[in-house]
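Peer 1: Sharing protein-v6.cif (mmCIF, C-alpha atoms) below.
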data_upload
#
loop_
_atom_site.label_atom_id
_atom_site.label_comp_id
_atom_site.auth_asym_id
_atom_site.auth_seq_id
_atom_site.Cartn_x
_atom_site.Cartn_y
_atom_site.Cartn_z
CA MET L 1 -10.70 11.21 3.16
CA PRO L 2 -13.39 8.73 4.32
CA GLU L 3 -13.58 5.64 2.14
CA ASN L 4 -17.30 6.06 1.44
CA SER L 5 -16.67 9.47 -0.17
CA ARG L 6 -14.59 7.99 -3.03
CA PRO L 7 -16.98 7.53 -5.97
CA GLU L 8 -14.32 7.18 -8.67
CA LYS L 9 -12.54 3.83 -8.83
CA ILE L 10 -8.75 3.75 -8.85
CA TRP L 11 -7.00 0.60 -10.00
CA ALA L 12 -3.27 -0.10 -10.07
CA LEU L 13 -1.08 -1.83 -12.63
CA ILE L 14 1.94 -3.56 -11.13
CA LEU L 15 4.40 -4.13 -13.94
CA ALA L 16 6.27 -7.42 -13.48
CA ALA L 17 6.88 -8.30 -17.13
CA GLY L 18 10.50 -7.14 -17.48
CA ARG L 19 13.42 -9.45 -18.25
CA GLY L 20 15.88 -7.93 -15.76
CA ARG L 21 18.92 -8.36 -18.00
CA ARG L 22 21.13 -5.97 -15.99
CA LEU L 23 20.71 -8.19 -12.93
CA ALA L 24 20.70 -11.57 -14.69
CA ALA L 25 24.29 -12.47 -13.81
CA ALA L 26 23.79 -11.58 -10.14
CA THR L 27 20.47 -13.43 -9.75
CA GLY L 28 21.18 -16.55 -11.79
CA GLY L 29 18.86 -15.36 -14.54
CA LEU L 30 15.80 -14.83 -12.29
CA PRO L 31 14.07 -11.54 -13.22
CA LYS L 32 14.25 -9.11 -10.31
CA GLN L 33 10.48 -8.87 -9.79
CA PHE L 34 10.48 -12.55 -8.83
CA LEU L 35 13.27 -12.24 -6.25
CA ARG L 36 12.13 -13.47 -2.88
CA TRP L 37 12.27 -10.85 -0.14
CA ARG L 38 10.98 -11.62 3.35
CA GLY L 39 9.46 -14.78 1.95
CA PHE L 40 7.48 -13.20 -0.92
CA PRO L 41 8.26 -12.12 -4.51
CA LEU L 42 9.01 -8.42 -4.93
CA TYR L 43 5.82 -7.75 -6.89
CA TRP L 44 3.73 -8.92 -3.92
CA HIS L 45 5.31 -6.33 -1.63
CA ALA L 46 4.12 -3.55 -3.94
CA ALA L 47 0.62 -5.08 -3.93
CA ARG L 48 0.62 -5.22 -0.13
CA VAL L 49 1.34 -1.51 0.08
CA MET L 50 -1.35 -0.70 -2.46
CA SER L 51 -3.87 -2.71 -0.45
CA ARG L 52 -3.00 -0.80 2.73
CA SER L 53 -3.31 2.64 1.14
CA ALA L 54 -7.12 2.77 1.60
CA VAL L 55 -7.42 4.45 -1.83
CA VAL L 56 -6.76 1.64 -4.34
CA ASP L 57 -9.78 -0.40 -5.43
CA GLY L 58 -8.09 -3.24 -7.34
CA ILE L 59 -4.83 -4.43 -8.88
CA VAL L 60 -3.75 -5.81 -12.27
CA PHE L 61 -0.47 -7.74 -12.29
CA VAL L 62 1.34 -7.78 -15.65
CA PHE L 63 3.71 -10.72 -16.18
CA PRO L 64 5.88 -12.04 -19.03
CA PRO L 65 3.59 -14.01 -21.38
CA GLU L 66 5.42 -17.30 -20.81
CA ARG L 67 5.07 -16.95 -17.01
CA CYS L 68 1.58 -15.48 -16.83
CA ALA L 69 -0.32 -18.73 -16.14
CA ALA L 70 2.19 -19.90 -13.53
CA GLU L 71 2.25 -16.52 -11.77
CA GLU L 72 -1.54 -16.41 -11.75
CA GLU L 73 -1.44 -19.69 -9.84
CA MET L 74 1.17 -18.13 -7.55
CA LEU L 75 -1.14 -15.18 -6.93
CA ARG L 76 -3.89 -17.54 -5.83
CA ALA L 77 -1.50 -19.20 -3.40
CA LEU L 78 -0.30 -15.82 -2.11
CA GLN L 79 -3.87 -14.61 -1.75
CA ALA L 80 -4.81 -17.74 0.21
CA LYS L 81 -1.91 -17.08 2.58
CA GLU L 82 -2.36 -13.32 2.86
CA ASP L 83 -5.61 -11.87 1.56
CA LEU L 84 -5.09 -8.41 0.02
CA GLY L 85 -8.73 -7.52 0.51
CA LEU L 86 -8.83 -6.23 -3.08
CA PRO L 87 -9.92 -7.75 -6.40
CA TRP L 88 -7.04 -8.57 -8.73
CA ARG L 89 -6.43 -9.69 -12.29
CA ALA L 90 -3.42 -10.94 -14.24
CA ALA L 91 -2.37 -9.93 -17.75
CA ALA L 92 0.38 -10.97 -20.16
CA GLY L 93 2.81 -8.17 -21.02
CA GLY L 94 4.65 -7.29 -24.19
CA ALA L 95 8.14 -6.72 -25.55
CA LEU L 96 8.46 -3.14 -24.26
CA ARG L 97 7.38 -1.56 -21.01
CA GLN L 98 4.77 0.56 -22.77
CA ASP L 99 3.40 -2.56 -24.48
CA SER L 100 2.95 -4.14 -21.07
CA VAL L 101 1.14 -1.07 -19.79
CA ARG L 102 -1.16 -0.99 -22.81
CA LEU L 103 -2.01 -4.67 -22.41
CA GLY L 104 -2.60 -4.22 -18.69
CA LEU L 105 -4.94 -1.29 -19.32
CA ALA L 106 -7.01 -3.51 -21.58
CA VAL L 107 -8.07 -5.77 -18.69
CA LEU L 108 -9.11 -3.04 -16.25
CA PRO L 109 -12.78 -3.16 -15.24
CA ARG L 110 -15.26 -0.75 -16.77
CA GLU L 111 -15.80 1.11 -13.51
CA ALA L 112 -12.14 2.16 -13.25
CA ARG L 113 -11.68 5.91 -13.81
CA HIS L 114 -8.06 6.39 -12.78
CA VAL L 115 -5.03 4.11 -12.89
CA LEU L 116 -1.72 3.91 -11.07
CA VAL L 117 1.22 2.42 -12.98
CA HIS L 118 3.94 1.02 -10.73
CA ASP L 119 7.16 -0.91 -11.30
CA ALA L 120 7.26 -4.18 -9.35
CA ALA L 121 10.98 -3.60 -8.72
CA ARG L 122 10.12 -0.69 -6.40
CA PRO L 123 9.05 -2.63 -3.28
CA PHE L 124 9.82 0.20 -0.84
CA LEU L 125 6.97 2.57 -1.76
CA SER L 126 4.67 3.68 1.06
CA PRO L 127 0.88 3.92 1.30
CA ALA L 128 1.32 7.65 1.94
CA LEU L 129 3.03 8.11 -1.44
CA THR L 130 0.20 6.20 -3.12
CA ARG L 131 -2.34 8.49 -1.47
CA ARG L 132 -0.49 11.64 -2.57
CA VAL L 133 -0.64 10.58 -6.20
CA CYS L 134 -4.32 9.65 -5.93
CA GLU L 135 -5.24 12.90 -4.20
CA SER L 136 -3.70 14.88 -7.07
CA LEU L 137 -5.84 12.90 -9.52
CA ARG L 138 -8.98 13.56 -7.49
CA GLN L 139 -8.20 17.27 -7.57
CA GLY L 140 -8.40 17.14 -11.36
CA ALA L 141 -4.88 16.36 -12.58
CA ALA L 142 -4.76 14.37 -15.83
CA ALA L 143 -1.44 12.91 -14.67
CA ALA L 144 0.40 12.94 -11.34
CA ILE L 145 3.85 11.50 -10.74
CA PRO L 146 6.18 11.45 -7.71
CA GLY L 147 9.48 13.28 -8.08
CA LEU L 148 12.58 14.18 -6.11
CA PRO L 149 14.86 17.20 -6.66
CA VAL L 150 18.11 16.32 -8.43
CA THR L 151 21.09 16.82 -6.10
CA ASP L 152 23.91 16.02 -8.54
CA THR L 153 24.98 18.29 -11.38
CA ILE L 154 23.77 16.76 -14.65
CA LYS L 155 25.85 17.02 -17.84
CA GLN L 156 24.59 16.41 -21.36
CA VAL L 157 27.20 14.28 -23.16
CA LYS L 158 27.86 13.26 -26.77
CA ASN L 159 30.77 11.09 -27.95
CA GLY L 160 32.36 11.29 -24.52
CA LEU L 161 32.33 15.10 -24.40
CA VAL L 162 30.11 17.42 -22.38
CA THR L 163 27.84 19.46 -24.63
CA ALA L 164 25.80 21.23 -21.95
CA THR L 165 25.30 21.56 -18.19
CA LEU L 166 21.63 21.30 -17.38
CA PRO L 167 20.05 23.68 -14.83
CA ARG L 168 19.70 21.51 -11.73
CA ALA L 169 16.87 23.61 -10.26
CA GLN L 170 14.69 22.65 -13.24
CA LEU L 171 15.38 18.89 -13.01
CA THR L 172 13.38 16.25 -11.14
CA ALA L 173 14.03 12.51 -10.78
CA VAL L 174 10.69 10.76 -11.16
CA GLN L 175 9.41 7.54 -9.64
CA THR L 176 6.37 5.30 -9.67
CA PRO L 177 3.50 4.89 -8.96
CA GLN L 178 2.44 7.31 -11.67
CA GLY L 179 -1.26 8.17 -11.73
CA PHE L 180 -3.44 8.99 -14.72
CA ASP L 181 -6.92 9.69 -15.95
CA LEU L 182 -7.60 6.29 -17.48
CA SER L 183 -9.36 7.40 -20.65
CA LEU L 184 -6.64 9.96 -21.43
CA LEU L 185 -3.86 7.43 -20.85
CA ARG L 186 -5.55 4.94 -23.16
CA GLN L 187 -5.76 7.62 -25.85
CA ALA L 188 -2.07 8.42 -25.36
CA HIS L 189 -1.12 4.76 -25.77
CA ARG L 190 -3.20 4.44 -28.95
CA HIS L 191 -1.44 7.49 -30.36
CA ALA L 192 1.98 6.08 -29.46
CA LEU L 193 1.14 2.77 -31.14
CA GLU L 194 -0.04 4.48 -34.33
CA ALA L 195 2.90 6.94 -34.41
CA GLY L 196 5.58 4.41 -33.45
CA LEU L 197 6.49 6.52 -30.42
CA THR L 198 8.69 4.82 -27.79
CA VAL L 199 9.18 6.31 -24.32
CA THR L 200 10.51 5.21 -20.93
CA ASP L 201 7.47 6.13 -18.84
CA ASP L 202 3.78 6.82 -19.32
CA ALA L 203 4.07 10.44 -18.25
CA ALA L 204 6.05 11.07 -21.46
CA LEU L 205 3.12 9.78 -23.51
CA MET L 206 0.80 12.22 -21.73
CA GLU L 207 3.27 15.04 -22.33
CA ALA L 208 3.32 14.18 -26.04
CA GLN L 209 -0.47 14.62 -26.07
CA GLY L 210 -0.21 18.03 -24.45
CA HIS L 211 -1.54 17.03 -21.02
CA GLY L 212 -0.11 18.68 -17.92
CA VAL L 213 1.81 16.31 -15.65
CA HIS L 214 1.74 17.28 -11.97
CA ILE L 215 4.62 16.48 -9.62
CA VAL L 216 3.92 15.29 -6.08
CA PRO L 217 6.67 14.77 -3.48
CA GLY L 218 8.44 11.46 -3.99
CA GLU L 219 10.33 9.41 -1.42
CA ALA L 220 14.07 8.82 -1.25
CA ALA L 221 13.40 5.30 0.07
CA ASN L 222 11.31 4.43 -3.01
CA VAL L 223 14.32 2.96 -4.80
CA LYS L 224 14.09 0.76 -7.89
CA ILE L 225 16.10 -2.47 -7.82
CA THR L 226 18.04 -2.11 -11.09
CA ASN L 227 21.75 -2.89 -10.75
CA PRO L 228 23.61 -5.64 -8.84
CA GLU L 229 24.66 -3.21 -6.10
CA ASP L 230 20.98 -2.50 -5.41
CA LEU L 231 20.58 -6.04 -4.08
CA ALA L 232 22.25 -4.85 -0.87
CA LEU L 233 19.03 -2.90 -0.19
CA LEU L 234 17.21 -6.22 0.08
CA ALA L 235 19.91 -7.90 2.14
CA GLY L 236 19.97 -5.11 4.72
CA GLY L 237 21.54 -5.34 8.12
CA GLN L 238 21.15 -8.28 10.46
CA ALA L 239 21.07 -6.54 13.84
CA MET L 240 20.01 -8.65 16.80
CA PRO L 241 16.26 -8.08 17.24
CA ARG L 242 14.86 -7.09 20.64
CA PRO L 243 11.27 -7.84 21.70
CA CYS L 244 8.89 -5.05 22.63
CA SER L 245 5.17 -4.85 23.37
CA GLY L 246 2.36 -2.32 23.59
CA MET L 247 -1.12 -2.19 25.08
CA GLY L 248 -4.04 -0.09 23.84
CA TYR L 249 -7.53 0.71 25.12
CA ASP L 250 -10.36 2.79 23.67
CA VAL L 251 -14.04 3.38 24.28
CA HIS L 252 -16.92 5.00 22.38
CA ARG L 253 -20.42 5.62 23.64
CA TYR L 254 -23.45 4.78 21.58
CA GLY L 255 -25.48 7.64 20.17
CA SER L 256 -26.34 9.46 16.97
CA GLY L 257 -23.10 9.85 15.02
CA ARG L 258 -21.12 7.33 13.00
CA PRO L 259 -22.17 3.90 11.69
CA LEU L 260 -20.37 1.22 13.68
CA LYS L 261 -17.18 -0.08 12.08
CA LEU L 262 -14.76 -2.50 13.74
CA GLY L 263 -11.35 -3.30 12.33
CA GLY L 264 -12.38 -1.49 9.13
CA VAL L 265 -15.45 -3.75 8.73
CA PRO L 266 -18.92 -2.11 8.72
CA ILE L 267 -21.32 -3.75 11.23
CA PRO L 268 -24.90 -3.49 9.90
CA ASP L 269 -27.91 -2.99 12.20
CA ALA L 270 -25.62 -1.93 15.06
CA PRO L 271 -25.86 1.14 17.30
CA GLU L 272 -24.11 4.25 16.03
CA VAL L 273 -21.15 5.68 17.93
CA VAL L 274 -20.28 9.24 18.89
CA ALA L 275 -16.88 10.03 17.41
CA HIS L 276 -14.79 12.71 15.70
CA SER L 277 -13.18 10.30 13.21
CA ASP L 278 -15.04 7.28 11.86
CA GLY L 279 -15.20 5.89 15.42
CA ASP L 280 -13.52 2.52 14.80
CA VAL L 281 -12.85 1.67 18.46
CA LEU L 282 -10.90 -1.48 17.59
CA LEU L 283 -8.43 0.26 15.28
CA HIS L 284 -8.06 3.10 17.79
CA ALA L 285 -7.04 0.66 20.53
CA LEU L 286 -4.73 -1.08 18.07
CA MET L 287 -3.04 2.20 17.11
CA ASP L 288 -2.40 3.04 20.75
CA ALA L 289 -0.83 -0.39 21.27
CA LEU L 290 1.37 0.08 18.19
CA LEU L 291 2.50 3.51 19.35
CA GLY L 292 3.28 1.95 22.72
CA CYS L 293 5.73 -0.46 21.05
CA ALA L 294 7.77 2.48 19.79
CA GLY L 295 7.30 4.74 22.83
CA LEU L 296 5.43 7.30 20.71
CA GLY L 297 2.58 8.29 23.00
CA ASP L 298 -1.03 7.82 21.94
CA ILE L 299 -3.37 8.67 19.08
CA GLY L 300 -4.68 11.77 20.88
CA ARG L 301 -1.19 13.23 20.60
CA HIS L 302 -0.84 12.52 16.89
CA PHE L 303 -4.47 12.89 15.73
CA PRO L 304 -6.21 15.31 18.13
CA ASP L 305 -10.00 15.35 17.97
CA ASN L 306 -10.13 19.16 17.86
CA GLN L 307 -8.65 19.33 14.35
CA ALA L 308 -11.08 19.56 11.43
CA ARG L 309 -8.81 17.57 9.09
CA PHE L 310 -9.53 14.43 11.13
CA GLU L 311 -13.32 14.89 11.01
CA GLY L 312 -14.82 11.61 9.72
CA ILE L 313 -11.44 10.31 8.56
CA SER L 314 -11.03 6.59 7.98
CA SER L 315 -9.17 4.93 10.85
CA ALA L 316 -7.47 2.73 8.24
CA ILE L 317 -5.68 5.84 6.95
CA LEU L 318 -4.63 6.83 10.47
CA LEU L 319 -3.45 3.26 11.12
CA ASP L 320 -1.24 3.42 8.06
CA GLN L 321 0.36 6.62 9.34
CA VAL L 322 1.04 4.90 12.66
CA LEU L 323 2.64 1.96 10.82
CA GLU L 324 4.89 4.44 9.01
CA MET L 325 5.97 5.80 12.39
CA LEU L 326 6.83 2.28 13.50
CA ARG L 327 8.86 1.63 10.36
CA ASP L 328 10.76 4.88 10.92
CA ALA L 329 11.42 3.75 14.50
CA GLY L 330 12.77 0.39 13.31
CA VAL L 331 9.92 -1.64 14.81
CA THR L 332 8.76 -4.85 13.08
CA LEU L 333 5.27 -6.02 14.01
CA CYS L 334 4.93 -9.69 15.02
CA HIS L 335 1.53 -10.43 16.58
CA VAL L 336 -1.64 -8.66 17.74
CA ASP L 337 -4.36 -9.78 20.18
CA LEU L 338 -7.63 -7.82 20.05
CA THR L 339 -10.68 -7.88 22.31
CA ILE L 340 -14.04 -6.12 21.95
CA VAL L 341 -16.28 -5.73 25.02
CA ALA L 342 -19.92 -4.97 24.21
CA GLN L 343 -23.37 -6.16 25.23
CA LYS L 344 -24.51 -5.51 21.69
CA PRO L 345 -24.24 -6.01 18.76
CA ARG L 346 -23.54 -9.72 18.39
CA LEU L 347 -20.17 -9.95 16.64
CA SER L 348 -19.64 -13.68 16.04
CA PRO L 349 -20.87 -13.45 12.38
CA PHE L 350 -18.12 -10.90 11.69
CA HIS L 351 -15.28 -12.59 13.57
CA GLU L 352 -13.29 -13.89 10.59
CA GLU L 353 -13.94 -10.86 8.39
CA ILE L 354 -12.60 -8.51 11.06
CA ARG L 355 -9.59 -10.74 11.69
CA LYS L 356 -8.74 -10.96 7.97
CA ASN L 357 -9.14 -7.24 7.39
CA VAL L 358 -6.95 -6.27 10.33
CA ALA L 359 -4.31 -8.73 9.11
CA ARG L 360 -4.47 -7.11 5.66
CA LEU L 361 -4.13 -3.58 7.03
CA LEU L 362 -1.15 -4.61 9.13
CA GLY L 363 0.53 -6.72 6.43
CA LEU L 364 0.53 -9.74 8.76
CA ASP L 365 -0.36 -13.36 8.19
CA LYS L 366 -3.84 -14.00 9.61
CA LYS L 367 -2.41 -16.50 12.10
CA HIS L 368 -0.65 -13.58 13.81
CA VAL L 369 -3.90 -11.68 14.39
CA ASN L 370 -6.26 -12.83 17.13
CA PHE L 371 -9.73 -11.34 17.61
CA LYS L 372 -12.33 -12.05 20.26
CA ALA L 373 -15.49 -10.44 21.57
CA THR L 374 -17.11 -10.72 24.98
CA THR L 375 -19.75 -9.09 27.22
CA GLU L 376 -19.62 -7.94 30.85
CA GLU L 377 -22.75 -9.87 31.88
CA GLY L 378 -24.86 -6.74 32.13
CA LEU L 379 -22.38 -4.89 34.35
CA GLY L 380 -21.05 -1.39 33.80
CA PHE L 381 -21.69 0.96 30.89
CA THR L 382 -21.11 -1.75 28.29
CA GLY L 383 -23.48 -4.09 30.16
CA ARG L 384 -26.12 -1.37 30.02
CA ALA L 385 -25.48 -1.13 26.24
CA GLU L 386 -24.37 2.49 26.57
CA GLY L 387 -21.18 1.98 24.59
CA ILE L 388 -18.39 -0.26 23.39
CA LYS L 389 -14.73 -0.70 24.33
CA ALA L 390 -11.69 -2.42 22.91
CA TYR L 391 -8.35 -3.73 24.14
CA ALA L 392 -5.28 -4.44 22.02
CA VAL L 393 -1.97 -6.09 22.87
CA VAL L 394 0.86 -5.97 20.31
CA SER L 395 4.13 -7.91 20.16
CA ALA L 396 6.97 -6.60 17.99
CA LEU L 397 10.72 -6.59 17.43
CA THR L 398 13.15 -3.73 17.12
CA GLY L 399 16.31 -3.91 15.05
CA ALA L 400 15.30 -6.95 12.92
CA GLY L 401 16.91 -6.83 9.46
CA PRO L 402 15.26 -7.91 6.15
CA SER L 403 16.36 -10.86 4.03
CA PHE L 404 16.02 -11.99 0.44
CA SER L 405 16.91 -14.89 -1.83
CA PHE L 406 17.39 -15.61 -5.52
CA SER L 407 15.17 -18.69 -5.51
CA ALA L 408 11.77 -18.62 -7.12
CA PRO L 409 8.96 -18.75 -4.53
CA SER L 410 7.36 -22.13 -3.98
CA PRO L 411 3.83 -22.35 -5.40
CA TYR L 412 2.90 -23.93 -2.09
CA LEU L 413 4.44 -21.14 0.05
#
Please express the file's structure as structure tokens.

Peer 2:
Amino acid sequence: MPENSRPEKIWALILAAGRGRRLAAATGGLPKQFLRWRGFPLYWHAARVMSRSAVVDGIVFVFPPERCAAEEEMLRALQAKEDLGLPWRAAAGGALRQDSVRLGLAVLPREARHVLVHDAARPFLSPALTRRVCESLRQGAAAAIPGLPVTDTIKQVKNGLVTATLPRAQLTAVQTPQGFDLSLLRQAHRHALEAGLTVTDDAALMEAQGHGVHIVPGEAANVKITNPEDLALLAGGQAMPRPCSGMGYDVHRYGSGRPLKLGGVPIPDAPEVVAHSDGDVLLHALMDALLGCAGLGDIGRHFPDNQARFEGISSAILLDQVLEMLRDAGVTLCHVDLTIVAQKPRLSPFHEEIRKNVARLLGLDKKHVNFKATTEEGLGFTGRAEGIKAYAVVSALTGAGPSFSFSAPSPYL
């Protein structure tokens, strides 16, 4: 869905206020959401994914009250290093998970209409999962949650004895992010507070109010770090990485069609481009280069321009699908070099904005994204201002394993 067709604001709550008692002995007392993985605290990885989903409009981080001020400073340092491209706020949580949610809801902006509630200890969610939940909300669901079919037989037990065998076909293991109509969720939390109702997730509060809760397909990889053995998911393998590279090229002619957008950044007062999607020539070249790293063909193969479902679609959404393909192929992105060739418009005023936004979409530090623009001195179709073209070169690694540590992140990063 094109970004400019999303009138209703969706904000996310990332819950990082838990005490992590089950993991305390294994982490030296550091709550799991503050574990450092790939150089960043776990809660930041969830925020990164939200920012790359192209459907989330802002994020509220909920921290333990005694750490809220310090973590807000940490967020500023993280944001300076890696701009999410989204507004964010911090809130102090409460004693119970549902208290933290209620307090986080209280700081959402007035324009928010829907909210996603996500556990910071689930760093492996994907942008695609985020979009599935949001799409269900936009289709009118009061609540939408990801779920997976239960594969084990589940027994109901009391005093060490089985009292019932539950029908497996009717059971679903649910995950976060869970999405809700914001006004209805606030009402459900007020009711729970007045009635003294305690639950383990927000969907249960909506169920208690009689609202239907829709299930969308979850992801097996969207695991929550809960027990000491789960830490192995962060340690991962340490296979010897191998370098790989990809090159991409794309061109669009000028003409009545789509407003010019480069690297996800609208370029005002520029010629329009003829295109089936949103016509972002820079992201199209970048996607081809990324696919080249994994030997996966080109964007015409994966997103053909004769399919109506890609009409006007945001290239940021397509880019995220390409990044998912790279993750599945075991490719870790390292550096991108991007070049625009056009006689017009003049792009120097947008240089840094394009660079920052591409870095955000890729989840890279800005220093690993290079952007430049040039002309062809009046030669060729670009010199005659008949169109625009882009080149992209990508460097990556295959087989590189993740890493984590128990130390608290430095405020100076």

Peer 1: May I ask for the distance between atom CA of L:Leu96 and atom CA of L:Asp119, given in Å to one decimal place?

Peer 2: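 Atom-to-atom, atom CA of L:Leu96 to atom CA of L:Asp119, that is 13.2 Å.
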
Peer 1: Extract, using all atoms listed in the file, all DNA, RNA and protein residues at most 7 Å from L:Tyr254, discarding same-chain residues fewer than 2 positions from it, and format them as a VMD selection string.

Peer 2: chain L and resid 252 271 to 274 386 to 387

Peer 1: May I have a table of the residues of stretch 42-83 of chain L lying at most 12 Å from stretch 315-321 of chain L, giving each one's closest pair of atoms and their distance in Å to one decimal, counting all atoms listed in the file, ordered by chain and ascending residue number, as CSV?

Peer 2:
residue,atom,partner,partner_atom,distance
L:Val49,CA,L:Asp320,CA,9.7
L:Met50,CA,L:Asp320,CA,11.3
L:Ser51,CA,L:Asp320,CA,10.8
L:Arg52,CA,L:Asp320,CA,7.0
L:Ser53,CA,L:Ile317,CA,7.0
L:Ala54,CA,L:Ile317,CA,6.3
L:Val55,CA,L:Ile317,CA,9.1

Peer 1: Could you take the residues named above and write them with C-alpha atoms, as a JSON list (two decimals), in the frame of the given file?

Peer 2:
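After the write, again12.json holds the following:
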[["chain", "number", "residue", "atom", "x", "y", "z"],
["L", 49, "VAL", "CA", 1.34, -1.51, 0.08],
["L", 50, "MET", "CA", -1.35, -0.70, -2.46],
["L", 51, "SER", "CA", -3.87, -2.71, -0.45],
["L", 52, "ARG", "CA", -3.00, -0.80, 2.73],
["L", 53, "SER", "CA", -3.31, 2.64, 1.14],
["L", 54, "ALA", "CA", -7.12, 2.77, 1.60],
["L", 55, "VAL", "CA", -7.42, 4.45, -1.83]]

Peer 1: Would you tabulate, counting all atoms listed in the file, all residues of stretch 109-209 of chain L that have an atom at most 9 Å from an atom of stretch 20-40 of chain L, showing the closest pair of atoms and their distance in Å to one decimal, sorted by chain then ascending number, as JSON lines?

Peer 2:
{"residue": "L:Asp119", "atom": "CA", "partner": "L:Gln33", "partner_atom": "CA", "distance": 8.8}
{"residue": "L:Ala120", "atom": "CA", "partner": "L:Gln33", "partner_atom": "CA", "distance": 5.7}
{"residue": "L:Ala121", "atom": "CA", "partner": "L:Gln33", "partner_atom": "CA", "distance": 5.4}
{"residue": "L:Arg122", "atom": "CA", "partner": "L:Gln33", "partner_atom": "CA", "distance": 8.9}

Peer 1: Let me know the residues the PyMOL selection byres ((chain L and resi 182) around 12) catches in the file above, as an MDAnalysis selection string.

Peer 2: chainID L and resid 8:13 101:102 104:106 108:117 137 141:143 178:181 183:189 202 206

Peer 1: Just so the selection is clear, what residues does the PyMOL selection byres ((chain L and resi 243-245) around 6) cover here, as a list in words?

Peer 2: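 So the PyMOL selection byres ((chain L and resi 243-245) around 6) ends up selecting Arg242, Gly246, Cys293, Val394, Ser395, Ala396 and Leu397 of chain L.
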
Peer 1: Take the residues from that selection and write them out as a PDB file, in the frame of the given file, keeping C-alpha atoms.

Peer 2:
ATOM      1  CA  ARG L 242      14.860  -7.090  20.640  1.00  0.00           C
ATOM      2  CA  GLY L 246       2.360  -2.320  23.590  1.00  0.00           C
ATOM      3  CA  CYS L 293       5.730  -0.460  21.050  1.00  0.00           C
ATOM      4  CA  VAL L 394       0.860  -5.970  20.310  1.00  0.00           C
ATOM      5  CA  SER L 395       4.130  -7.910  20.160  1.00  0.00           C
ATOM      6  CA  ALA L 396       6.970  -6.600  17.990  1.00  0.00           C
ATOM      7  CA  LEU L 397      10.720  -6.590  17.430  1.00  0.00           C
TER       8      LEU L 397
END

Peer 1: Given all atoms listed in the file as the basis, pick out the residue of L:Ala16, L:Thr398, L:His118, L:Leu379 nearest to L:Glu71.

Peer 2: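 Once distances to L:Glu71 are computed over all atoms listed in the file, the minimum belongs to L:Ala16.
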
Peer 1: Determine, counting only C-alpha atoms, which protein, DNA and RNA residues have an atom within 9 Å of an atom of stretch 85-91 of chain L; residues of the same chain fewer than 6 positions away are not included. Present the result as a list in words.

Peer 2: Ser51, Val56, Asp57, Gly58, Ile59, Val60, Phe61, Val62, Phe63, Pro64, Pro65, Cys68, Ala69, Glu71, Glu72, Leu75, Gln79, Ser100, Leu103, Gly104, Ala106, Val107, Leu108, Lys356, Asn357, Arg360 and Leu361 of chain L

Peer 1: Any idea what's packed within 12 Å of L:Gln170, counting all atoms listed in the file, ignoring anything in its chain fewer than 5 positions away? Could you give it as a list in words?

Peer 2: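 Everything that qualifies: Gly147, Leu148, Pro149, Val150, Thr151, Thr153, Ile154 and Thr165 of chain L.
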
Peer 1: For the file shown, report as a VMD selection string the outcome of the PyMOL selection byres ((chain L and resi 283) around 12) at residue level.

Peer 2: chain L and resid 248 to 251 261 to 265 277 to 282 284 to 290 299 314 to 320 322 336 to 340 354 to 355 357 to 359 361 to 362 371 389 to 393
